[in-house]
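Text of run-v1.cif, listed as mmCIF, C-alpha atoms and all ligand atoms:
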```cif
data_target
#
loop_
_atom_site.label_atom_id
_atom_site.label_comp_id
_atom_site.auth_asym_id
_atom_site.auth_seq_id
_atom_site.Cartn_x
_atom_site.Cartn_y
_atom_site.Cartn_z
CA GLY H 20 -49.54 15.50 -17.82
CA ARG H 21 -46.55 13.28 -17.20
CA GLU H 22 -45.19 13.13 -13.70
CA LYS H 23 -41.71 14.47 -13.29
CA LYS H 24 -39.24 12.04 -11.80
CA ALA H 25 -37.11 13.17 -8.91
CA ASP H 26 -33.42 13.59 -9.69
CA GLY H 27 -30.53 11.83 -8.01
CA PRO H 28 -29.75 8.18 -7.56
CA LYS H 29 -32.49 6.13 -5.97
CA VAL H 30 -30.32 3.05 -5.82
CA LEU H 31 -27.19 2.72 -3.71
CA LYS H 32 -24.79 0.37 -5.46
CA VAL H 33 -22.94 -1.29 -2.62
CA GLY H 34 -19.87 -3.47 -3.11
CA THR H 35 -18.76 -6.18 -0.70
CA GLU H 36 -16.90 -9.50 -0.61
CA VAL H 37 -18.92 -12.38 0.78
CA THR H 38 -16.34 -14.59 2.51
CA PHE H 39 -16.03 -12.40 5.59
CA PRO H 40 -18.47 -13.80 8.18
CA PRO H 41 -20.19 -12.55 10.29
CA PHE H 42 -19.91 -9.22 8.43
CA GLU H 43 -20.90 -10.45 4.97
CA PHE H 44 -21.52 -14.03 3.95
CA ARG H 45 -24.03 -16.47 2.52
CA GLU H 46 -25.60 -18.99 4.88
CA GLN H 47 -25.07 -22.57 3.68
CA GLY H 48 -27.34 -23.19 0.70
CA SER H 49 -28.69 -19.62 0.58
CA LYS H 50 -28.20 -17.06 -2.16
CA GLU H 51 -28.95 -14.12 0.10
CA ILE H 52 -26.03 -12.10 1.41
CA THR H 53 -26.36 -11.57 5.14
CA GLY H 54 -24.29 -10.27 8.08
CA PHE H 55 -23.59 -7.31 10.35
CA ASP H 56 -22.42 -5.02 7.54
CA MET H 57 -25.45 -5.95 5.43
CA ASP H 58 -27.92 -5.10 8.20
CA LEU H 59 -26.05 -1.85 8.86
CA ILE H 60 -26.01 -0.70 5.23
CA ARG H 61 -29.68 -1.64 4.75
CA ALA H 62 -30.55 0.47 7.80
CA ILE H 63 -28.48 3.34 6.37
CA GLY H 64 -30.24 2.95 3.02
CA LYS H 65 -33.59 3.26 4.76
CA LYS H 66 -32.47 6.45 6.49
CA LEU H 67 -31.38 7.93 3.15
CA ASP H 68 -34.57 6.70 1.48
CA MET H 69 -32.50 4.75 -1.04
CA GLN H 70 -32.71 1.22 -2.31
CA VAL H 71 -29.65 -0.89 -1.50
CA GLU H 72 -28.24 -3.13 -4.22
CA ILE H 73 -25.47 -5.46 -3.02
CA LEU H 74 -22.74 -6.57 -5.43
CA ASP H 75 -20.21 -9.27 -4.55
CA MET H 76 -16.70 -8.68 -5.90
CA ASP H 77 -13.09 -9.63 -5.22
CA PHE H 78 -11.86 -7.69 -2.18
CA GLU H 79 -9.01 -6.06 -4.10
CA ALA H 80 -11.45 -4.84 -6.80
CA LEU H 81 -13.70 -2.91 -4.39
CA ILE H 82 -11.80 0.37 -4.01
CA PRO H 83 -10.99 0.61 -7.74
CA ALA H 84 -14.72 0.15 -8.49
CA VAL H 85 -15.63 3.07 -6.19
CA LYS H 86 -12.94 5.18 -7.85
CA ARG H 87 -14.30 4.44 -11.31
CA GLY H 88 -17.85 5.19 -10.19
CA ASN H 89 -19.13 1.63 -10.70
CA LEU H 90 -20.08 1.48 -7.01
CA ASN H 91 -21.49 4.22 -4.78
CA LEU H 92 -19.92 2.69 -1.71
CA VAL H 93 -18.22 -0.32 -0.18
CA ILE H 94 -18.96 -1.99 3.14
CA ALA H 95 -16.68 -4.98 3.58
CA GLY H 96 -15.13 -4.97 7.03
CA MET H 97 -12.65 -2.59 5.51
CA THR H 98 -10.07 -1.12 7.85
CA ILE H 99 -9.60 2.63 7.83
CA THR H 100 -6.00 3.23 6.72
CA LYS H 101 -4.04 6.30 5.63
CA ASP H 102 -3.20 4.64 2.31
CA ARG H 103 -6.86 3.98 1.50
CA GLN H 104 -7.83 7.50 2.58
CA LYS H 105 -5.52 8.88 -0.10
CA ILE H 106 -7.70 7.22 -2.75
CA VAL H 107 -11.24 7.22 -1.30
CA ASP H 108 -13.25 8.72 1.56
CA MET H 109 -13.85 6.50 4.57
CA SER H 110 -16.70 7.06 7.01
CA GLU H 111 -16.42 7.46 10.75
CA PRO H 112 -15.49 4.10 12.36
CA TYR H 113 -18.36 1.65 12.84
CA TYR H 114 -16.56 -1.38 14.31
CA THR H 115 -13.34 -1.96 16.30
CA SER H 116 -11.27 -4.95 15.22
CA GLY H 117 -7.72 -6.19 14.78
CA LEU H 118 -5.70 -8.91 13.08
CA VAL H 119 -4.75 -12.24 14.60
CA LEU H 120 -2.37 -15.04 13.78
CA VAL H 121 -3.96 -18.49 13.27
CA VAL H 122 -2.14 -21.86 13.17
CA GLY H 123 -3.01 -25.55 13.26
CA LYS H 124 -3.67 -27.00 16.72
CA GLY H 125 -0.45 -28.35 18.19
CA ASN H 126 1.84 -26.18 16.08
CA THR H 127 4.47 -25.28 18.66
CA ALA H 128 6.88 -23.73 16.17
CA ILE H 129 4.78 -20.56 15.88
CA GLN H 130 3.95 -18.91 19.19
CA LYS H 131 4.59 -15.27 18.43
CA PRO H 132 4.70 -12.97 15.39
CA GLU H 133 8.51 -13.12 15.16
CA ASP H 134 8.30 -16.89 14.60
CA LEU H 135 6.80 -16.23 11.16
CA LYS H 136 10.10 -15.18 9.64
CA GLY H 137 10.64 -17.26 6.49
CA LYS H 138 7.35 -19.18 6.98
CA ALA H 139 4.57 -19.43 4.38
CA VAL H 140 1.50 -17.49 5.51
CA ALA H 141 -1.95 -17.34 3.84
CA VAL H 142 -3.91 -14.09 3.52
CA GLN H 143 -6.70 -12.58 1.47
CA ILE H 144 -5.36 -10.44 -1.38
CA GLY H 145 -5.59 -6.69 -0.83
CA THR H 146 -6.13 -6.81 2.93
CA THR H 147 -4.34 -5.32 5.91
CA GLY H 148 -3.54 -8.95 6.79
CA GLU H 149 -1.54 -9.21 3.59
CA VAL H 150 0.48 -6.11 4.50
CA LYS H 151 1.16 -7.48 8.01
CA ALA H 152 2.14 -10.91 6.70
CA LYS H 153 4.63 -9.38 4.26
CA GLN H 154 6.26 -7.45 7.11
CA LEU H 155 6.53 -10.50 9.35
CA THR H 156 7.56 -13.26 6.93
CA GLY H 157 9.85 -11.32 4.67
CA GLU H 158 7.57 -11.56 1.62
CA LYS H 159 6.76 -15.28 1.92
CA VAL H 160 3.03 -14.74 1.57
CA ARG H 161 0.38 -16.73 -0.27
CA GLY H 162 -2.55 -14.58 -1.33
CA PHE H 163 -6.04 -15.91 -2.10
CA LYS H 164 -9.23 -14.29 -3.37
CA THR H 165 -11.52 -15.80 -0.72
CA ASN H 166 -11.15 -16.49 2.99
CA GLU H 167 -12.38 -20.05 2.45
CA GLU H 168 -9.24 -20.62 0.38
CA VAL H 169 -7.15 -18.95 3.09
CA PHE H 170 -8.44 -21.40 5.74
CA ASN H 171 -8.21 -24.39 3.39
CA ALA H 172 -4.55 -23.61 2.72
CA LEU H 173 -3.88 -23.91 6.45
CA LYS H 174 -5.95 -27.09 6.73
CA GLU H 175 -4.10 -28.68 3.81
CA LYS H 176 -0.80 -27.50 5.35
CA THR H 177 0.40 -25.67 2.26
CA VAL H 178 1.02 -22.79 4.70
CA GLU H 179 1.99 -22.80 8.37
CA ALA H 180 -0.20 -19.90 9.44
CA LEU H 181 -2.76 -17.35 8.30
CA ILE H 182 -3.48 -13.77 9.27
CA ILE H 183 -7.02 -12.45 9.36
CA ASP H 184 -9.36 -10.19 11.35
CA LYS H 185 -10.14 -11.63 14.79
CA PRO H 186 -13.97 -11.81 14.65
CA VAL H 187 -13.74 -13.58 11.29
CA ALA H 188 -11.13 -16.01 12.61
CA GLN H 189 -13.43 -16.82 15.54
CA TYR H 190 -16.37 -17.42 13.22
CA PHE H 191 -14.42 -19.77 10.92
CA ILE H 192 -12.98 -21.68 13.89
CA ASN H 193 -16.37 -22.09 15.59
CA LYS H 194 -18.31 -23.06 12.47
CA HIS H 195 -15.89 -24.83 10.14
CA HIS H 196 -12.35 -25.33 11.46
CA PRO H 197 -12.17 -26.65 15.05
CA ASP H 198 -8.67 -27.93 14.22
CA VAL H 199 -7.06 -24.47 14.14
CA VAL H 200 -6.41 -21.90 16.88
CA ILE H 201 -5.71 -18.21 17.39
CA VAL H 202 -2.21 -17.51 18.74
CA GLY H 203 -1.89 -14.60 21.16
CA ASN H 204 -3.63 -11.23 20.98
CA THR H 205 -4.56 -8.95 18.13
CA PHE H 206 -1.84 -6.89 16.51
CA GLU H 207 -2.70 -3.16 16.60
CA THR H 208 -6.34 -2.06 16.83
CA GLU H 209 -8.09 -1.49 13.50
CA THR H 210 -11.44 0.18 12.88
CA TYR H 211 -13.77 -0.46 9.96
CA GLY H 212 -15.24 2.29 7.79
CA ILE H 213 -17.57 2.58 4.82
CA VAL H 214 -15.80 3.57 1.59
CA MET H 215 -17.08 6.29 -0.75
CA ARG H 216 -15.77 8.39 -3.62
CA ARG H 217 -13.24 10.95 -2.42
CA HIS H 218 -14.81 14.30 -1.55
CA GLY H 219 -18.20 13.11 -2.87
CA GLU H 220 -21.60 14.28 -1.61
CA LEU H 221 -22.33 10.85 -0.13
CA THR H 222 -19.71 11.03 2.64
CA PRO H 223 -21.51 13.51 4.95
CA LYS H 224 -24.84 11.76 4.32
CA ILE H 225 -23.45 8.36 5.30
CA ASN H 226 -21.76 9.77 8.41
CA LYS H 227 -24.99 11.50 9.43
CA ALA H 228 -27.05 8.32 8.96
CA LEU H 229 -24.48 6.30 10.91
CA ALA H 230 -24.55 8.81 13.78
CA GLU H 231 -28.36 8.69 13.85
CA LEU H 232 -28.36 4.89 14.01
CA LYS H 233 -25.87 5.01 16.89
CA ASN H 234 -27.95 7.60 18.77
CA SER H 235 -31.29 5.85 18.26
CA GLY H 236 -30.08 2.48 19.56
CA GLU H 237 -30.62 0.80 16.19
CA TYR H 238 -26.88 0.31 15.75
CA ASP H 239 -26.78 -1.46 19.15
CA ARG H 240 -29.61 -3.77 18.15
CA ILE H 241 -27.79 -4.80 14.98
CA TYR H 242 -24.53 -5.24 16.93
CA GLU H 243 -26.18 -7.45 19.54
CA LYS H 244 -27.86 -9.57 16.86
CA TRP H 245 -24.46 -10.56 15.47
CA PHE H 246 -22.06 -10.29 18.42
CA GLY H 247 -24.19 -10.52 21.54
CA LYS H 248 -24.12 -8.02 24.40
N1 LIG N 1 -10.10 -5.55 7.62
C1 LIG N 1 -9.27 -6.09 6.60
C2 LIG N 1 -8.91 -5.05 5.59
O1 LIG N 1 -9.49 -4.03 5.57
C3 LIG N 1 -9.90 -7.30 5.90
C4 LIG N 1 -11.20 -7.01 5.23
C5 LIG N 1 -11.78 -8.16 4.42
O2 LIG N 1 -11.09 -9.14 4.12
N2 LIG N 1 -13.01 -8.07 4.05
O3 LIG N 1 -8.03 -5.21 4.78
#
```
Let's see the structure in the file written out as C-alpha cells.
Ligand code: GLN
Amino acid sequence: GREKKADGPKVLKVGTEVTFPPFEFREQGSKEITGFDMDLIRAIGKKLDMQVEILDMDFEALIPAVKRGNLNLVIAGMTITKDRQKIVDMSEPYYTSGLVLVVGKGNTAIQKPEDLKGKAVAVQIGTTGEVKAKQLTGEKVRGFKTNEEVFNALKEKTVEALIIDKPVAQYFINKHHPDVVIVGNTFETETYGIVMRRHGELTPKINKALAELKNSGEYDRIYEKWFGK
C-alpha cells in the first residue's frame, strides 16, 4: 500500500536580511548566504530534524512575516526588546552585542552621543539603531533598507554619522571602509534572539536545541569560527 507521510512541517522557513555581516551576508560574488546566524540555525535545524530554507527580506518586513505565518522563524541579529516581545516570541539570548556610533575619520565635531543633536544620522530601517538615533538627533534620521546604503551615506557625507551594532561596524570597517571609525563604547548591552510566532509550539523546541548546542560545545565551535576565541 501507499506509505503514510509524517505530519508536521519538514521545512523551517527562516527569514533574515543579508547585509549584516558576519551574522548573515553573501561573500563577494557568491549567491550563498553565510555567517554566524546561518551556521547556528542550520545546526538547530539538524537537531530538530528539519530542513532549513533561508529567505532574504527587508529587515522591517521580518517580524510581520512571522506574524502572518509566512515564516516559521527569523534569525537576523535581532535584539531582544520588550516591544518585539509583545508581538512575537523571542528565544533565549544567543549573542551579546550593543550599538555604536560611527563617523568619518577626522570628524572632531562628533565625539559623544550628545553631539548628535540636530545632525543627520544613517540607520537601517526597523532596527534598534533607528530608535537610538531618533532619541539622540531629535528625529533627524535617514533610514535605509540595507547596511551597505547606511555606510555609503556616511562615505558620501550625506550624513555625519551612523549607528549600528558593534560587530557589524567592525566588519564593515575592516573589509570595506577603512576611512571611518567607531566613536567611544557601545550604548547599552543588547542580546540577540531568534524570533518565532507568539506562544507557538516552536519556541520551546528552539530553546531546547539552542541549549543542547551550548552544552555540547557546538555553539562554541560556531562562535570561534566567526569571532575567534
Ligand atoms: N540588532 C539590531 C536590531 O535588532 C539590528 C539588526 C539588523 O540590522 N539585522 O534592531
Neighbourhood of ligand LIG 1 (chain N) at 9 Å, counting only C-alpha atoms and all ligand atoms, reported as number ranges by chain: H: 35-40, 42-43, 78-79, 94-100, 116-118, 142-150, 165-166, 183-184, 187, 209-212
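Taking CA of Asp134 in chain H as the reference point, CA of Ile192 in chain H is found at 21.8 Å.
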From the list H:Met69, H:Leu120, H:Ala180, H:Leu74, the nearest residue to Phe206 in chain H using all atoms listed in the file is H:Leu120
Residue contacts of Ile106 in chain H (12 Å, only C-alpha atoms) excluding same-chain residues fewer than 5 positions away, as an MDAnalysis selection string: chainID H and resid 81:87 99:101 214:218
Give the answer as one residue: which of H:Leu135, H:Ala141, H:Arg45, H:Glu168 has the shortest atom-to-atom distance to Leu155 in chain H, using only C-alpha atoms? H:Leu135
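One distance worth recording is that between CA of Gly34 in chain H and CA of Met57 in chain H, which is 10.5 Å.
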Pairwise distance, CA of Asp239 in chain H with CA of Val119 in chain H, equals 24.9 Å
Just checking: using all atoms listed in the file, which residue out of H:Leu181, H:Asp56, H:Val202, H:His195 ends up closest to Tyr114 in chain H? H:Asp56
Between H:Lys244, H:Leu92, H:Val140, H:Asp102, smallest distance to Gly162 in chain H by all atoms listed in the file belongs to H:Val140
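Every protein, DNA or RNA residue with an atom at most 12 Å from Leu232 in chain H, where only C-alpha atoms count and chain neighbours fewer than 2 positions away do not, is listed here: Asp58, Leu59, Ile60, Arg61, Ala62, Ile63, Gly64, Lys65, Lys66, Leu67, Tyr113, Ile225, Asn226, Lys227, Ala228, Leu229, Ala230, Asn234, Ser235, Gly236, Glu237, Tyr238, Asp239, Arg240, Ile241 and Tyr242 of chain H.
Minimum atom-to-atom distance to Phe44 in chain H, evaluated using only C-alpha atoms, belongs to H:Phe191 out of H:Gly123, H:Leu173, H:Pro112, H:Phe191.
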Rank nothing, just name the residue among H:Glu72, H:Asp108, H:Glu179, H:Asp198 nearest to Ile129 in chain H, using all atoms listed in the file. H:Glu179
Enclose all atoms of range 163-180 of chain H listed in the file in an axis-aligned box, grow every side by 8 Å, and hand back centre and edge lengths in Å to one decimal, as lines of an AutoDock Vina configuration file.
```
center_x = -5.2
center_y = -21.5
center_z = 3.0
size_x = 30.4
size_y = 30.4
size_z = 28.8
```
